[in-house]
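See below for the structure under consideration.
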Amino acid sequence: MTTSSQNANRMHRLPTLLSGIFLVFLTSWLGLVAYPALQLGALKPFADADSGTTFPPLLGGNAVAGQNVYASEGCVSCHSQQIRQTSVTHSDIERGWGKRPSVARDYLRNRTAFLGSSRLGQDISNVGVRQPDAKWYFMLLYRPSLVCEGSAMPSYSYLFKVRKIQGQRSNEALDLNASDAPAPDSEVLPSADAKNLVAYLLSLRHDYPLPEAPVKKEAAK
Amino acid sequence: MSEDLFRLHHTENGHQGQEDADMRRIDASLRLPTIILFSNAIHWLVVAALLSVVLSVKLVFPGFLGGIGFLSYGRLAPTTRDLMLYGWATQASLAAGIWLMTRLCRRPLGGILLNTLIICATVLWNLAVLLGSLAILAGYSTGVEWLEYPNWASAMLFLSFLLIGIWALLLFDRRASGHPEVAQWYLVAGFCSFPWVYGTANLLLTWRPIQASAQGPIQSWFCGALLTLWLLTVSVAALYALLPRILGSRLHRRDLATLGFWMFLLLGSWSGMDRLIGGPVPAWMTSAGVVSGILFVIPVTIIAINLTGILRRGPNRNGFRPVYRFLTMGLFSLLALGVLEAISSIPCISGTLNLTGFSEAKYQLCILGAVSFPLFGVLYEALPGLIGRDCWCKALTNRHYWLAVAGLWLLFGLMILEGFFTGLALIDPTVTFLNITSYSYPFHLLECVAQLVLLAATVTLGINLTVALAGDYLFPKR
């Protein structure tokens, strides 16, 4: 018998074959599951001596609830939350989506790392810095074409309640033109889910400095 | 020589004696479970194809079925993907895997008790898929890509896979004597991998989530491993098992096949990292993803060399036999996937094309081409033996083949082009994102057409299956 058929014959016993398969699986499991779980999973927030705060910043209660809305609405299907390393591409930073590449520690405060695999919509890892106005987000979610003509984003009007104006207009109501309002004496109010989602979006920033990801200070003008 | 070319079903002419009796016993032992698994899988395939059409229309007209929570894009998209992965592909792979393993091991599956257990597990599986999908649409998605089913649904899937898959491994251990075939190695690897991969990923990402800073690599590992270690291993097993038999030829390069098998498993398990090239992970993981993605073309080429060698040597080309056509298209898709994976793993290319329609094109080529076509081949080969008669309608089979081929390559081509153009636009910071959205509009419009063609293909398959199973009742012979 030749050596090759001897090797092949060893594979005809289930325990031998299983041992080989187990060892092969173990390599990727050790490298891509155990190592991240033990090393990246043990990362701690960084206490910045200059500013006296820890990075990443803690999320408020609404933002924590907002993560669940982000998950259930499937925002990750279209939006990514990763500014890619400059060794691969500079375009994410040049496009103004962030000041520095994202690193593992940036996702520390989240329940789920919504890295995303598709950019049907923009990357939103720093959207809390790029657009700090909550009312803009409410308009975007209610009807994207109001603030972003030509956008492919669908409407999340089901996250809003329409009710008749009782006495004074609520200060949470969306500022809609007469042509966009659902009815003349009605106002559109965000539901709790919408408010939590917007709080989460406003918390999205990867722009603080970390030892492994310093931020270039812009030259003073 | 009987163990080398043991025929897989008994309706072939000139087939006598002990092998025929063995075949009938094997068919009787797994008739109902296999038919139920395949039927349910095709049912979900049709639903997924319909939802895919709705999704592609929503990309072109965002207001289509808009403002309704359970029909929003963000809820429908994960539902559709999970239906393709778990409702269609995994379930059909279970059916194909068990059918292949019983024949390759020349052992019947078991008695009535085992049949009942497997049917109960199948009911559990489909209940999990149905209720899990409804839960996502109702807003209870976990938000983890490819693992969106709520925890109770994913636990049901895990349990029912164990209840079905364990028998395939036991069959291998109790098989009739003789050298195991290459196809059997792939099946053993596949049946071991799903519980390992699905269980680990769910445990660490959804059941008891670890810190989110570690989740990225694990999620990418899961996506790559699910496709290559589970779905593609069953498809490759189908190719290795069926192609030699259909052509009356034999696999000669066993040493090459052995090398290909181990490389396939090793590189396939690292292949998911190409999703995270440039991502928030240590650089060595990214490099490992690049290397394994490029080298993955080697085991794929080995498989292609082994099997195209058979295609050339075989005495009967059987060019017009449907099963042969489905299998060769599956093989071609697998080879194309390997080459594409190698090219797209090169960092400068992945930096441009990742996160665009290019990634989606690779996924669709895998799931619709390299995974689905061999599964269709197994279905068309298996059912006549299981039912005991030549049951497929040739016209419908032909139509299904051509519609599926046209739909796959049209969709793939459009997504590749879309990915190419949007990728080039994304790396140019002077092009606004709204412009990029408008560049991709014509591609999305044509992708609606491709999805309609795929829907027609799956509906044709559904009708073909219905006629095959119930033909005697629907069209009784006078």
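Each chain in the structure tokens gets a letter, A, B, ..., in the order shown, and its residues are numbered from 1; ligands are numbered from 1 in order too.
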
**Asked** Could you write out as number ranges by chain the residues of chain A within 7 Å of chain B, counting only C-alpha atoms?
**Response** A: 4, 8-9, 12, 14, 21, 24-25, 28, 32-33, 36-37, 40-41, 71-75, 77, 82, 84-85, 88-89, 91, 94-95, 102-105, 107-108, 110-113, 115, 117-119, 150-158

So that I can see what lies close to Ala183 (chain A), please list as a CSV table (one decimal) with C-alpha atoms, in the first residue's frame the residues with an atom at most 10 Å from it, counting only C-alpha atoms and leaving out residues fewer than 5 positions away in the same chain.
chain,number,residue,atom,x,y,z
A,162,VAL,CA,-50.4,61.4,15.4
A,163,ARG,CA,-52.9,63.2,17.7
A,164,LYS,CA,-55.1,66.2,17.7
A,178,ALA,CA,-48.7,72.4,6.4
A,188,VAL,CA,-46.8,64.3,15.1

**Request:** Within region 142-182 of chain A, find each residue whose DSSP state, derived from the backbone, is strand (DSSP E or B), and express the selection as an MDAnalysis selection string.
**Result:** chainID A and resid 160:164

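Counting from CA of Ser56 (chain B), the distance to CA of Ser333 (chain B) is 22.9 Å.
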
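Note that the spacing between CA of Val290 (chain B) and CA of Ser345 (chain B) amounts to 5.0 Å.
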
As a PDB file with N, CA and C atoms, in the first residue's frame, please: every residue in region 156-213 of chain A that a backbone DSSP assignment puts in helix (DSSP H, G or I).
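Saved result, selection34.pdb, follows:
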ATOM      1  N   SER A 157     -42.572  56.012  10.102  1.00  0.00           N
ATOM      2  CA  SER A 157     -43.683  56.781  10.671  1.00  0.00           C
ATOM      3  C   SER A 157     -44.436  55.982  11.732  1.00  0.00           C
ATOM      4  N   TYR A 158     -44.284  54.649  11.727  1.00  0.00           N
ATOM      5  CA  TYR A 158     -44.969  53.860  12.754  1.00  0.00           C
ATOM      6  C   TYR A 158     -44.325  54.019  14.131  1.00  0.00           C
ATOM      7  N   LEU A 159     -43.161  54.706  14.182  1.00  0.00           N
ATOM      8  CA  LEU A 159     -42.554  55.011  15.479  1.00  0.00           C
ATOM      9  C   LEU A 159     -43.083  56.339  16.026  1.00  0.00           C
ATOM     10  N   ALA A 192     -41.950  56.527  22.531  1.00  0.00           N
ATOM     11  CA  ALA A 192     -40.802  56.259  23.402  1.00  0.00           C
ATOM     12  C   ALA A 192     -39.696  55.577  22.623  1.00  0.00           C
ATOM     13  N   ASP A 193     -40.080  54.662  21.714  1.00  0.00           N
ATOM     14  CA  ASP A 193     -39.070  53.958  20.900  1.00  0.00           C
ATOM     15  C   ASP A 193     -38.279  54.944  20.054  1.00  0.00           C
ATOM     16  N   ALA A 194     -38.996  55.904  19.437  1.00  0.00           N
ATOM     17  CA  ALA A 194     -38.310  56.883  18.591  1.00  0.00           C
ATOM     18  C   ALA A 194     -37.356  57.729  19.425  1.00  0.00           C
ATOM     19  N   LYS A 195     -37.806  58.141  20.612  1.00  0.00           N
ATOM     20  CA  LYS A 195     -36.944  58.985  21.468  1.00  0.00           C
ATOM     21  C   LYS A 195     -35.716  58.209  21.917  1.00  0.00           C
ATOM     22  N   ASN A 196     -35.899  56.945  22.268  1.00  0.00           N
ATOM     23  CA  ASN A 196     -34.761  56.139  22.696  1.00  0.00           C
ATOM     24  C   ASN A 196     -33.791  55.911  21.549  1.00  0.00           C
ATOM     25  N   LEU A 197     -34.332  55.643  20.355  1.00  0.00           N
ATOM     26  CA  LEU A 197     -33.472  55.417  19.193  1.00  0.00           C
ATOM     27  C   LEU A 197     -32.649  56.660  18.896  1.00  0.00           C
ATOM     28  N   VAL A 198     -33.273  57.832  18.950  1.00  0.00           N
ATOM     29  CA  VAL A 198     -32.545  59.070  18.671  1.00  0.00           C
ATOM     30  C   VAL A 198     -31.490  59.325  19.749  1.00  0.00           C
ATOM     31  N   ALA A 199     -31.829  59.012  21.004  1.00  0.00           N
ATOM     32  CA  ALA A 199     -30.832  59.166  22.075  1.00  0.00           C
ATOM     33  C   ALA A 199     -29.625  58.278  21.794  1.00  0.00           C
ATOM     34  N   TYR A 200     -29.871  57.059  21.301  1.00  0.00           N
ATOM     35  CA  TYR A 200     -28.771  56.160  20.968  1.00  0.00           C
ATOM     36  C   TYR A 200     -27.948  56.712  19.813  1.00  0.00           C
ATOM     37  N   LEU A 201     -28.636  57.212  18.770  1.00  0.00           N
ATOM     38  CA  LEU A 201     -27.910  57.750  17.619  1.00  0.00           C
ATOM     39  C   LEU A 201     -27.057  58.942  18.022  1.00  0.00           C
ATOM     40  N   LEU A 202     -27.582  59.783  18.934  1.00  0.00           N
ATOM     41  CA  LEU A 202     -26.808  60.933  19.381  1.00  0.00           C
ATOM     42  C   LEU A 202     -25.594  60.510  20.198  1.00  0.00           C
TER      43      LEU A 202
END

**Asked** Any idea what the distance is between CA of Val47 (chain B) and CA of Pro33 (chain B)?
**Response** 21.4 Å

**Item:** Residues within 7 Å of Leu335 (chain B), only C-alpha atoms, excluding chain neighbours under 4 positions, as number ranges by chain
**Value:** B: 300-301, 304, 331, 339

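Proximity to Leu187 (chain B) at 8 Å, evaluated using only C-alpha atoms and with sequence-adjacent residues fewer than 5 positions away removed, yields Gly97, Met101, Thr233, Val234 and Ala237 of chain B.
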
Please dump the current selection as a compact mmCIF listing (two decimals), in the first residue's frame; keep C-alpha atoms.
# COMPACT_ATOMS: atom_id res chain seq x y z
CA GLY B 97 -26.95 14.81 3.98
CA MET B 101 -25.04 9.20 4.15
CA THR B 233 -19.42 20.76 2.79
CA VAL B 234 -22.79 19.11 2.15
CA ALA B 237 -20.28 15.89 -0.67
